[in-house]
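Structure record follows, encoded as structure tokens.
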Protein chains: 2
Amino acid sequence: MRQKEGRPRYRRLPARSNERVYACCRKPGCAILGSMKKLVVKNAFYAQSGGVSAVINASACGLIETAKRHRKHIGKLFAGRDGIVGALTENLIDVGRESPATIRGLKHTPAGAFGSARFKLKGLEQNRAEYQRLIDVFRAHDIGYFFYNGGNDSMDTALKVSQIGQALGYPIICLGVPKTVDNDLPHTDCCPGFGSVAKYVAVSTLEAGLDVASMARTSTKVFVLEVMGRHAGWIAAAGGLAGAKASQPPHIILFPEIPFVPQEFLDRVKQCVVDYGYCVVVVSEGAAYADGRFVADAGTKDAFGHTQLGGVAPVIANMIREAHGYKYHWAVADYLQRAARHVASRVDVEQAYAVGKAAVELAVKGVNAAQAYGRIQALSGAACTSGRGRHAIVRTRVAAGRTSEWAGLAERTPNKCISWRVADGSH
Amino acid sequence: MRQKEGRPRYRRLPARSNERVYACCRKPGCAILGSMKKLVVKNAFYAQSGGVSAVINASACGLIETAKRHRKHIGKLFAGRDGIVGALTENLIDVGRESPATIRGLKHTPAGAFGSARFKLKGLEQNRAEYQRLIDVFRAHDIGYFFYNGGNDSMDTALKVSQIGQALGYPIICLGVPKTVDNDLPHTDCCPGFGSVAKYVAVSTLEAGLDVASMARTSTKVFVLEVMGRHAGWIAAAGGLAGAKASQPPHIILFPEIPFVPQEFLDRVKQCVVDYGYCVVVVSEGAAYADGRFVADAGTKDAFGHTQLGGVAPVIANMIREAHGYKYHWAVADYLQRAARHVASRVDVEQAYAVGKAAVELAVKGVNAAQAYGRIQALSGAACTSGRGRHAIVRTRVAAGRTSEWAGLAERTPNKCISWRVADGSH
């Protein structure tokens, strides 16, 4: 079998009779073209990977419902139990046995219905047996389509699986279906999962901000909310949607991308309390000092001298207490934010469904590339601003293009406005 | 002026012409009776006190709307800015100037619209000047009704204010309007504020539990959610609504009322991971050892040797890591839970409105007692079960009487059932 250098260019060949076949190159007689002819009707494998979200099952729903409408190409659809582990252990769920109502219900079900996994395939050369095992399972179940629903690491898995077609002679169409709450997946304007966690953080910041504002005179003056985003501050930035003016919470947002400078931060907290009577801080779990050390890694030790790993929120709350003596409260949303289906963004749910649907439509057109996941336009105007360089603390706004969902958020909190300001730059 | 021993008995006197007057005793010529005649049309004072909730403004709404329907008795209604502090500083808001739409909007607005306060009046003998100041302000604004919306400490304030009628000769009808998320207010079957935080905790436990369940094979095996309730475990108990079977999260609930025994707890965690593959824990912030020491007070010190005050969730999560090495996550809901208007219980909103309405109706009937706040029957079946004595870990169910709201919760999460089991005993 011939191997090509670099990324192959795929083109669609003219259909003959009722066959629709595709080739990886323009040269007739290509080995992949030959084998691809057999893919006209093949079974499919779908799995969820990495951290789950409030809407990943909506992608599963879109994918499964669309696959059912492409019987000419896709026979059975098997879901892998616990991501790629389900393929390696031949733990497959025939979703065709589920009722349409159950599949429809996935659109409204949080977490990963089929189980998700944090499991990284090694390179083909490092663990050829693992790939051979995949081929054996795929061959046993006549699988010609591979859909992998996840983030950056999962796209890496999809890419590796896609290589078995050329490297090991097992033709398979592979597509990565995008999912990540962090919104840090390349080639997407925004990513399914982010919209919902952004809404959760915006709503929570707004509600907690109102709480603190109403008590600040005689009680809590500082509130710190820790949100996800170890390396990307999109989720923290979403907290900025809660306030329309500088006087409204959150007054400070701390990003992983901008070095944390304690004294600047503490000065700003004090100024907020002086100016507004209180201060609300949203902080990314990945907030770090200039040397790259996480703020959360504060060197705390318990009574037995063991290093205690905690969140960043209690660490900076304690800094504030020691510097200013303000009464404070802090919250760590952790899984609550990414699991919060009850307050999921409608736009996000529709986008998640759409990428699942698009994956099947691309697959039956013969697109075989792990990086071919759908570009989403609904939030294409998304941008936020930040002070750069030596400014450790900035105000940030996420601007939404055509997001009817955010309007829905404003309806839920009639006394407050959501800022729509499209700011220059990006964080 | 005559003073009576103990609690005065109030009775309604027959109305003469269009006057409706009330007396504190049956004896003619009573000084209070004499002055009470002037109360036929008086202004009213309303204030919010203590930690706010998602529905305290619904009580304000019920109270204000009802007061407007009793013009024969209540003239203007003034809201105190920041609780009783608003009275002491003469910082009053004439709510009659607000539009009906604004008042109606209070029903859907979280936190304390007029500002709340943690401010405790001293006893009459300790600070007579403070009471005299109250009288001066009340007299200046012709206030004859005092409504105080809060929890146990606030009821104490209402009781003290009610004493000025007899002790200082300023007749005033005082009513406490119940509010507390902890559900620990005596004389109420449940308390406005609790239903919403209970729903938040149940929904969050359910969602996060599904998240962990879907990842447990290759990732997080233990999740700990810290909720409010320093001395009462009702909120933690509400987490139990998330699971219908022992295998479903939460697998463990830790109460303030039941001493925490680390080894029993750790054994139970391990057993859950063995049996179910993962373990979800809901813990009250007030979980404590048998000697009364809070578990959250773990004697942790930061890099500078300063005592670090943190939540209980990271403390027990670290215990689990050190004992078993399981990958864990933890969340601290803090203010998010009590501020969460977006997921407020409909029954709770209606109850909150109802107690505000009832307070006015009782007041115009002349009931003057801080402890006369309304008994709420909607959750009268509420009870939960617990293992007592040496059992540190129990499964608990809050049973709801006629709570259509909980049915609404089940609708939101169609793949899960809410347990309706009415269990014996109470925690």
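As shown in the structure tokens, the chain order sets the letters A, B, ...; within each chain, residues go from 1, and ligands are also counted from 1 in the order they appear.
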Sort by chain and increasing residue number a table of all residues of chain A within 6 Å of chain B, each with its closest pair of atoms and their distance in Å to one decimal, counting only C-alpha atoms, and write it as a Markdown table.
| residue | atom | partner | partner_atom | distance |
| --- | --- | --- | --- | --- |
| A:Ala111 | CA | B:Asp211 | CA | 4.6 |
| A:Gly112 | CA | B:Ser214 | CA | 5.3 |
| A:Gly115 | CA | B:Ser214 | CA | 4.2 |
| A:Ser116 | CA | B:Met215 | CA | 5.2 |
| A:Ala117 | CA | B:Thr218 | CA | 5.5 |
| A:Arg118 | CA | B:Thr218 | CA | 5.7 |
| A:Glu207 | CA | B:Ala339 | CA | 5.4 |
| A:Ala208 | CA | B:Ala339 | CA | 5.7 |
| A:Leu210 | CA | B:Ala111 | CA | 5.7 |
| A:Asp211 | CA | B:Ala111 | CA | 4.6 |
| A:Ser214 | CA | B:Gly115 | CA | 4.2 |
| A:Met215 | CA | B:Ser116 | CA | 5.2 |
| A:Thr218 | CA | B:Ala117 | CA | 5.5 |
| A:Gly299 | CA | B:Ala303 | CA | 5.1 |
| A:Thr300 | CA | B:Asp302 | CA | 4.1 |
| A:Lys301 | CA | B:Lys301 | CA | 5.5 |
| A:Asp302 | CA | B:Thr300 | CA | 4.1 |
| A:Ala303 | CA | B:Gly299 | CA | 5.1 |
| A:Ala331 | CA | B:Val332 | CA | 5.1 |
| A:Val332 | CA | B:Val332 | CA | 4.9 |
| A:Ala333 | CA | B:Ala331 | CA | 5.4 |
| A:Asp334 | CA | B:Ala331 | CA | 5.3 |
| A:Tyr335 | CA | B:Ala208 | CA | 5.8 |
| A:Leu336 | CA | B:Ala208 | CA | 5.7 |
| A:Ala339 | CA | B:Glu207 | CA | 5.4 |
Could you name the residues that touch Phe146 in chain A at 12 Å or less, counting only C-alpha atoms, but leaving out those on the same chain fewer than 3 positions away, as a short mmCIF file (atom, residue, chain, number, x, y, z; two decimals) with N, CA and C atoms, in the first residue's frame?
data_model
loop_
_atom_site.label_atom_id
_atom_site.label_comp_id
_atom_site.auth_asym_id
_atom_site.auth_seq_id
_atom_site.Cartn_x
_atom_site.Cartn_y
_atom_site.Cartn_z
N LYS A 42 -21.59 0.98 5.74
CA LYS A 42 -20.75 0.49 6.83
C LYS A 42 -21.37 0.89 8.15
N ASN A 43 -21.00 0.22 9.19
CA ASN A 43 -21.43 0.62 10.53
C ASN A 43 -20.55 1.77 11.03
N ALA A 44 -21.03 2.41 12.08
CA ALA A 44 -20.31 3.57 12.61
C ALA A 44 -20.03 3.40 14.10
N PHE A 45 -18.96 4.05 14.52
CA PHE A 45 -18.59 4.06 15.94
C PHE A 45 -18.60 5.51 16.41
N TYR A 46 -19.22 5.76 17.55
CA TYR A 46 -19.24 7.11 18.14
C TYR A 46 -18.82 7.01 19.60
N ALA A 47 -18.03 7.94 20.05
CA ALA A 47 -17.67 7.94 21.47
C ALA A 47 -17.44 9.36 21.97
N GLN A 48 -17.57 9.51 23.29
CA GLN A 48 -17.37 10.80 23.96
C GLN A 48 -16.05 10.74 24.72
N LEU A 63 -26.01 13.52 16.10
CA LEU A 63 -25.26 12.54 15.31
C LEU A 63 -26.09 11.27 15.08
N ILE A 74 -24.73 4.47 6.31
CA ILE A 74 -24.43 4.04 7.69
C ILE A 74 -25.45 2.99 8.13
N LEU A 77 -25.14 2.01 14.31
CA LEU A 77 -24.27 2.98 14.98
C LEU A 77 -23.99 2.44 16.39
N PHE A 78 -22.73 2.20 16.64
CA PHE A 78 -22.32 1.72 17.96
C PHE A 78 -21.70 2.86 18.77
N ALA A 79 -22.14 3.01 20.00
CA ALA A 79 -21.50 3.98 20.89
C ALA A 79 -20.49 3.24 21.75
N GLY A 80 -19.30 3.80 21.87
CA GLY A 80 -18.28 3.18 22.70
C GLY A 80 -18.49 3.54 24.16
N GLY A 83 -15.56 6.26 25.95
CA GLY A 83 -14.66 6.77 24.91
C GLY A 83 -13.96 5.68 24.13
N ILE A 84 -12.71 5.93 23.79
CA ILE A 84 -11.94 4.99 22.97
C ILE A 84 -11.72 3.67 23.71
N ALA A 87 -13.87 1.00 22.48
CA ALA A 87 -13.42 0.31 21.26
C ALA A 87 -12.36 -0.72 21.62
N LEU A 134 -7.69 -2.06 17.71
CA LEU A 134 -8.79 -1.23 17.20
C LEU A 134 -9.29 -1.79 15.87
N ILE A 135 -8.35 -2.12 15.00
CA ILE A 135 -8.74 -2.64 13.69
C ILE A 135 -9.52 -3.95 13.83
N PHE A 138 -12.97 -3.04 15.01
CA PHE A 138 -13.71 -2.37 13.93
C PHE A 138 -14.09 -3.37 12.84
N ASP A 142 -17.67 -4.42 11.46
CA ASP A 142 -17.84 -3.81 10.13
C ASP A 142 -17.95 -2.29 10.21
N ILE A 143 -17.07 -1.70 11.00
CA ILE A 143 -17.12 -0.25 11.22
C ILE A 143 -16.30 0.50 10.19
N ASN A 149 -16.01 12.60 19.86
CA ASN A 149 -16.60 13.82 20.38
C ASN A 149 -15.79 14.32 21.58
N MET A 155 -9.21 15.22 19.74
CA MET A 155 -8.94 15.42 18.32
C MET A 155 -7.64 14.72 17.93
N THR A 157 -6.64 11.96 19.28
CA THR A 157 -7.02 10.54 19.15
C THR A 157 -7.68 10.28 17.80
N ALA A 158 -8.59 11.16 17.41
CA ALA A 158 -9.28 10.99 16.13
C ALA A 158 -8.27 11.03 14.98
N LEU A 159 -7.31 11.92 15.10
CA LEU A 159 -6.27 12.03 14.06
C LEU A 159 -5.46 10.73 13.96
N LYS A 160 -5.11 10.18 15.13
CA LYS A 160 -4.32 8.94 15.14
C LYS A 160 -5.12 7.77 14.55
N VAL A 161 -6.39 7.71 14.94
CA VAL A 161 -7.21 6.62 14.40
C VAL A 161 -7.33 6.76 12.87
N SER A 162 -7.39 8.01 12.42
CA SER A 162 -7.54 8.22 10.97
C SER A 162 -6.33 7.68 10.21
N GLN A 163 -5.21 7.55 10.91
CA GLN A 163 -3.99 7.09 10.24
C GLN A 163 -4.01 5.59 9.93
N ILE A 164 -4.86 4.87 10.63
CA ILE A 164 -4.83 3.41 10.42
C ILE A 164 -5.27 3.05 9.01
N GLY A 165 -6.03 3.97 8.38
CA GLY A 165 -6.44 3.72 7.00
C GLY A 165 -5.24 3.58 6.09
N PRO A 171 -9.42 0.93 5.91
CA PRO A 171 -10.02 2.20 5.52
C PRO A 171 -11.15 2.60 6.48
N ILE A 172 -11.09 3.81 6.96
CA ILE A 172 -12.12 4.30 7.88
C ILE A 172 -12.22 5.81 7.76
N ILE A 173 -13.44 6.29 7.78
CA ILE A 173 -13.66 7.73 7.73
C ILE A 173 -13.75 8.24 9.17
N CYS A 174 -12.88 9.15 9.54
CA CYS A 174 -12.82 9.63 10.92
C CYS A 174 -13.19 11.11 11.00
N LEU A 175 -14.01 11.44 11.97
CA LEU A 175 -14.33 12.85 12.19
C LEU A 175 -14.30 13.17 13.67
N GLY A 176 -13.67 14.28 13.98
CA GLY A 176 -13.72 14.79 15.34
C GLY A 176 -14.92 15.71 15.48
N VAL A 177 -15.67 15.50 16.55
CA VAL A 177 -16.85 16.35 16.82
C VAL A 177 -16.47 17.25 18.00
N ALA A 359 -21.26 16.29 11.45
CA ALA A 359 -20.23 15.25 11.38
C ALA A 359 -20.69 14.10 10.50
N VAL A 360 -21.94 13.68 10.67
CA VAL A 360 -22.47 12.58 9.85
C VAL A 360 -22.56 13.02 8.38
N LEU A 362 -20.82 15.24 6.83
CA LEU A 362 -19.47 15.29 6.25
C LEU A 362 -18.96 13.88 5.99
N ALA A 363 -19.22 13.01 6.94
CA ALA A 363 -18.70 11.64 6.81
C ALA A 363 -19.25 10.95 5.56
N VAL A 364 -20.54 11.07 5.34
CA VAL A 364 -21.13 10.37 4.19
C VAL A 364 -20.70 11.02 2.87
N GLY A 366 -17.61 11.60 2.60
CA GLY A 366 -16.28 11.03 2.49
C GLY A 366 -15.16 11.88 3.05
N VAL A 367 -15.50 12.88 3.82
CA VAL A 367 -14.44 13.70 4.41
C VAL A 367 -13.78 12.92 5.54
N ASN A 368 -12.50 12.71 5.41
CA ASN A 368 -11.79 11.92 6.41
C ASN A 368 -10.64 12.73 6.99
N ALA A 369 -10.91 13.46 7.98
CA ALA A 369 -9.84 14.20 8.63
C ALA A 369 -10.26 14.56 10.03
N ALA A 370 -9.40 14.26 10.94
CA ALA A 370 -9.74 14.52 12.33
C ALA A 370 -9.92 16.01 12.59
#
- Task: Using backbone DSSP assignments, extract all alpha helix (DSSP H) residues from range 11-237 of chain B; output them as a ChimeraX atom specification.
- Result: /B:31-36,56-68,84-88,100-105,128-140,152-162,164-167,194-215,234-237
- Apply DSSP to the backbone of this structure and, from range 81-212 of chain A, keep only the residues in strand (DSSP E); write these as a ChimeraX atom specification. /A:92-94,143-150,173-178
- Mind giving me the straight-line distance from CA of Pro262 in chain B to CA of Ala238 in chain B in Å, one decimal? 22.6 Å
- Message: Using only C-alpha atoms, can you tell me which of B:Glu285, B:Glu125, B:Asp267, B:Asp156 comes closest to Leu254 in chain B?
- Response: B:Glu285
- Query: Between CA of Pro250 in chain B and CA of Val273 in chain B, what is the distance, to one decimal in Å?
  - Reply: 12.4 Å
- Residues at most 6 Å from Pro192 in chain B, counting only C-alpha atoms, excluding those fewer than 4 positions away in the same chain, as a PyMOL selection string? chain B and resi 179+348+352
May I have the residues from that selection written out with N, CA and C atoms, as a JSON list (two decimals), in the first residue's frame?
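Wrote it out as again-v2.json, contents follow:
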[["chain", "number", "residue", "atom", "x", "y", "z"],
["B", 179, "LYS", "N", -37.72, 34.34, 57.13],
["B", 179, "LYS", "CA", -36.80, 34.13, 56.01],
["B", 179, "LYS", "C", -35.54, 33.47, 56.53],
["B", 348, "ASP", "N", -41.55, 27.91, 46.78],
["B", 348, "ASP", "CA", -40.84, 28.80, 47.71],
["B", 348, "ASP", "C", -41.18, 30.26, 47.41],
["B", 352, "ALA", "N", -42.97, 32.65, 50.02],
["B", 352, "ALA", "CA", -42.34, 33.91, 50.44],
["B", 352, "ALA", "C", -43.33, 35.06, 50.25]]
